[in-house]
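What follows is the content of protein-v2.txt (compact mmCIF, C-alpha atoms).
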```
# COMPACT_ATOMS: atom_id res chain seq x y z
CA MET A 1 83.98 91.81 97.48
CA PHE A 2 87.40 93.01 96.34
CA ARG A 3 86.85 96.48 97.76
CA THR A 4 85.60 94.95 101.03
CA ILE A 5 88.68 92.76 101.40
CA VAL A 6 91.03 95.68 100.81
CA SER A 7 89.11 97.96 103.17
CA VAL A 8 89.00 95.43 106.01
CA ALA A 9 92.70 94.62 105.63
CA VAL A 10 93.75 98.26 105.60
CA LEU A 11 91.55 99.16 108.55
CA THR A 12 92.93 96.21 110.50
CA LEU A 13 96.34 97.91 110.66
CA ALA A 14 94.87 101.43 110.96
CA LEU A 15 96.47 102.64 107.76
CA VAL A 16 93.64 104.95 106.76
CA SER A 17 93.26 108.39 108.29
CA GLY A 18 89.95 110.21 108.40
CA ASP A 19 91.58 113.62 107.96
CA PRO A 20 91.43 114.79 104.30
CA ALA A 21 94.31 117.20 104.95
CA ARG A 22 96.58 114.19 105.50
CA ALA A 23 95.58 112.48 102.25
CA GLN A 24 98.59 113.43 100.17
CA GLU A 25 100.88 112.64 103.09
CA GLU A 26 99.42 109.12 103.20
CA GLU A 27 100.23 108.57 99.53
CA GLN A 28 103.80 109.70 100.17
CA VAL A 29 104.02 107.18 103.02
CA ILE A 30 103.05 104.43 100.56
CA VAL A 31 105.77 105.61 98.15
CA GLU A 32 108.40 105.64 100.92
CA ARG A 33 107.36 102.22 102.20
CA ALA A 34 107.48 100.84 98.65
CA LYS A 35 111.03 102.17 98.26
CA ASP A 36 112.04 100.59 101.57
CA ALA A 37 110.48 97.25 100.59
CA VAL A 38 112.48 97.13 97.35
CA ALA A 39 115.72 98.03 99.15
CA LEU A 40 115.11 95.41 101.85
CA MET A 41 114.48 92.58 99.41
CA ARG A 42 117.36 93.53 97.13
CA ARG A 43 119.75 93.25 100.08
CA ASP A 44 118.40 89.85 101.11
CA PRO A 45 120.34 86.93 99.52
CA ASP A 46 117.17 84.83 99.61
CA TYR A 47 115.74 87.13 96.94
CA ALA A 48 118.74 87.20 94.62
CA LYS A 49 116.44 86.42 91.68
CA LEU A 50 114.82 89.83 92.16
CA ASN A 51 118.09 91.61 91.33
CA GLU A 52 118.50 89.42 88.24
CA LEU A 53 114.99 90.04 86.87
CA LEU A 54 114.42 93.68 87.85
CA PRO A 55 116.50 95.21 85.01
CA LYS A 56 114.77 92.89 82.50
CA SER A 57 111.22 93.72 83.57
CA PHE A 58 108.74 96.05 81.88
CA GLY A 59 107.13 97.19 85.11
CA ALA A 60 106.68 96.53 88.81
CA LEU A 61 103.81 96.65 91.26
CA ILE A 62 105.10 97.15 94.80
CA VAL A 63 102.74 96.47 97.71
CA PRO A 64 104.68 97.40 100.85
CA GLN A 65 102.07 96.08 103.28
CA LEU A 66 99.78 93.32 102.05
CA VAL A 67 97.56 92.24 104.92
CA LYS A 68 96.08 88.77 105.10
CA ALA A 69 93.37 88.26 107.69
CA GLY A 70 91.05 85.32 108.02
CA PHE A 71 88.66 83.32 110.11
CA ILE A 72 87.18 80.59 107.89
CA LEU A 73 86.87 83.19 105.10
CA GLY A 74 90.21 84.78 104.31
CA GLY A 75 91.34 87.67 102.20
CA GLU A 76 94.43 89.62 101.26
CA GLY A 77 94.52 93.34 100.56
CA GLY A 78 96.83 96.30 100.38
CA GLU A 79 97.80 99.53 98.66
CA GLY A 80 100.72 99.80 96.29
CA VAL A 81 102.35 101.62 93.40
CA LEU A 82 102.81 100.56 89.79
CA LEU A 83 105.80 101.82 87.79
CA ARG A 84 106.88 101.17 84.21
CA ARG A 85 110.48 100.74 83.11
CA ALA A 86 111.34 102.18 79.69
CA ALA A 87 113.03 99.35 77.82
CA GLU A 88 115.05 101.78 75.67
CA THR A 89 116.62 103.73 78.53
CA GLY A 90 116.05 101.57 81.60
CA ARG A 91 114.52 104.59 83.36
CA TRP A 92 111.63 104.03 85.77
CA GLY A 93 108.63 106.36 85.53
CA TYR A 94 106.42 107.94 88.19
CA PRO A 95 104.14 105.71 90.29
CA ALA A 96 100.43 105.14 89.80
CA PHE A 97 98.54 104.08 92.91
CA TYR A 98 96.72 100.76 92.95
CA ASP A 99 94.62 98.68 95.33
CA PHE A 100 95.49 95.00 95.34
CA GLY A 101 93.43 92.15 96.73
CA ALA A 102 92.48 88.49 96.60
CA GLY A 103 89.93 86.32 98.36
CA SER A 104 90.24 82.74 99.56
CA ILE A 105 88.08 80.17 101.33
CA GLY A 106 89.38 77.68 103.85
CA PHE A 107 89.97 77.05 107.53
CA GLN A 108 92.46 79.69 108.55
CA ILE A 109 92.78 81.88 111.61
CA GLY A 110 95.22 84.72 112.07
CA ILE A 111 96.67 87.89 110.62
CA SER A 112 99.90 88.29 108.70
CA ALA A 113 101.60 91.05 106.73
CA SER A 114 103.72 90.70 103.61
CA GLN A 115 105.85 92.92 101.46
CA VAL A 116 105.27 91.97 97.84
CA ILE A 117 106.92 92.96 94.56
CA PHE A 118 105.38 91.88 91.27
CA LEU A 119 107.63 92.08 88.22
CA PHE A 120 105.96 92.16 84.80
CA MET A 121 108.29 90.42 82.36
CA THR A 122 106.33 91.06 79.15
CA LYS A 123 104.69 94.13 77.64
CA ASP A 124 101.48 92.16 77.14
CA GLY A 125 101.54 91.06 80.76
CA LEU A 126 101.76 94.64 82.02
CA GLU A 127 99.06 95.78 79.60
CA LEU A 128 96.70 92.96 80.55
CA ALA A 129 97.26 93.49 84.28
CA MET A 130 96.18 97.12 83.88
CA SER A 131 92.94 96.10 82.16
CA ASP A 132 89.69 96.32 84.08
CA ASN A 133 88.40 93.25 85.91
CA VAL A 134 91.39 91.03 85.10
CA LYS A 135 92.57 88.55 87.72
CA PHE A 136 96.00 86.97 87.92
CA GLY A 137 96.29 83.34 86.85
CA ALA A 138 96.49 81.17 83.78
CA ASP A 139 92.79 81.57 83.02
CA ALA A 140 93.37 85.29 82.46
CA GLY A 141 96.43 84.67 80.29
CA LEU A 142 98.73 85.86 83.08
CA ALA A 143 101.05 83.09 84.27
CA ILE A 144 102.47 83.94 87.69
CA ALA A 145 105.41 82.46 89.58
CA ASN A 146 105.47 82.90 93.37
CA PHE A 147 108.68 83.31 95.35
CA GLY A 148 109.32 83.33 99.06
CA GLY A 149 112.61 83.38 100.88
CA GLY A 150 115.00 80.80 99.43
CA ALA A 151 112.57 79.76 96.67
CA GLU A 152 115.16 79.95 93.90
CA ALA A 153 114.53 76.38 92.71
CA SER A 154 110.88 77.04 91.91
CA THR A 155 111.89 79.00 88.80
CA THR A 156 112.60 75.78 86.92
CA THR A 157 108.90 75.24 86.26
CA ASN A 158 108.06 78.92 85.67
CA LEU A 159 110.73 80.14 83.27
CA ASP A 160 108.17 81.78 80.97
CA ALA A 161 105.97 83.40 83.60
CA ASP A 162 104.46 86.79 82.75
CA ILE A 163 104.68 87.87 86.38
CA TYR A 164 107.15 87.02 89.12
CA ALA A 165 105.86 87.67 92.64
CA PHE A 166 108.37 88.08 95.46
CA ALA A 167 106.76 87.96 98.90
CA LYS A 168 108.40 88.46 102.27
CA SER A 169 105.89 87.35 104.89
CA GLU A 170 105.61 87.30 108.63
CA GLY A 171 102.80 86.31 110.94
CA ALA A 172 100.32 83.46 111.25
CA PHE A 173 100.20 82.46 107.58
CA ALA A 174 103.10 80.77 105.84
CA GLY A 175 103.47 81.82 102.22
CA VAL A 176 101.22 83.83 99.94
CA SER A 177 99.32 82.73 96.84
CA PHE A 178 98.19 85.21 94.21
CA GLU A 179 96.09 83.07 91.86
CA GLY A 180 92.86 84.96 91.25
CA ALA A 181 94.21 88.22 92.66
CA ALA A 182 93.32 91.56 91.08
CA MET A 183 94.74 95.08 90.95
CA VAL A 184 92.52 98.14 90.58
CA ALA A 185 93.71 101.69 89.91
CA ASP A 186 93.06 104.10 92.79
CA GLN A 187 92.04 107.22 90.90
CA ASP A 188 91.39 109.19 94.08
CA ALA A 189 94.90 108.52 95.39
CA ASN A 190 96.39 109.52 92.03
CA GLN A 191 94.46 112.79 92.11
CA ARG A 192 95.48 113.57 95.69
CA TYR A 193 99.15 112.87 94.99
CA TYR A 194 99.50 114.66 91.66
CA GLY A 195 96.83 117.34 92.09
CA THR A 196 95.18 116.35 88.80
CA ARG A 197 92.85 113.45 88.07
CA TYR A 198 95.24 111.54 85.84
CA THR A 199 94.34 108.00 84.91
CA ALA A 200 96.81 105.23 85.67
CA ARG A 201 97.42 104.84 81.93
CA GLN A 202 98.30 108.53 81.59
CA ILE A 203 100.79 108.24 84.45
CA ILE A 204 102.33 104.96 83.30
CA TYR A 205 102.39 105.33 79.52
CA GLU A 206 101.99 109.02 78.72
CA GLU A 207 104.24 110.16 81.59
CA VAL A 208 102.20 113.32 82.15
CA ALA A 209 102.56 113.33 85.95
CA SER A 210 105.38 114.38 88.23
CA HIS A 211 105.88 114.83 91.95
CA PRO A 212 108.95 115.88 93.99
CA GLY A 213 108.37 112.96 96.38
```

As structure tokens, please, write out the structure in this file.
Amino acid sequence: MFRTIVSVAVLTLALVSGDPARAQEEEQVIVERAKDAVALMRRDPDYAKLNELLPKSFGALIVPQLVKAGFILGGEGGEGVLLRRAAETGRWGYPAFYDFGAGSIGFQIGISASQVIFLFMTKDGLELAMSDNVKFGADAGLAIANFGGGAEASTTTNLDADIYAFAKSEGAFAGVSFEGAAMVADQDANQRYYGTRYTARQIIYEEVASHPG
């Protein structure tokens, strides 16, 4: 179901090309869009908390275009990059590509797009998020705090969250919820981008990959 949600969402906005020769170019587009999403939110005073928490985080998952589409059954999906910040130096490593998605049930009609940045505030939180078949939420041991524009006050009840999610949304849906969401490493995208079939763990922790883009 997760793969279906992501595929439908991505196809809705025609983000996938059928030409294999354009594959690496598509990954670079994701990287550039992720960079733009971070810059946009950091300039926005409604997301001032992002600038405060970013240098304290252990990693970030950036989904520059999370698509939410629904008619009775709804789902969210998108492609993003995961980067780790070295606590000793503050240096950010190279990105590993991930698919991100969540399903929901309810009466909802419409399509919206969001830019989302997830900050992992603990080493254990980043490690657990990278594990197979783990979904966000308290049941998985991953407490998550959601932020939209001007949501500064909501931090008072989520001071010890493992993950802070900053979402900038537009379209038919107001707000985004990530309880029960999951992230899955895109091994094919990693191989296309780096030319070698590195695992996400090799890219994030072993720092074996590099790319001029």

Calculate how many Å separate CA of Asp132 in chain A from CA of Ala200 in chain A, rounding to one decimal.
11.5 Å

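Of note, CA of Met41 in chain A and CA of Val116 in chain A are spaced 9.4 Å apart.
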
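Put simply, CA of Gln187 in chain A is 18.2 Å away from CA of Ala60 in chain A.
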
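Nearest to Leu119 in chain A of all the residues A:Asn190, A:Ser169, A:Thr89, A:Asn51 is A:Asn51, counting only C-alpha atoms.
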
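Proximity of A:Phe118, A:Phe58, A:Tyr205, A:Tyr47 to Gly80 in chain A, computed with only C-alpha atoms, is greatest for A:Phe118.
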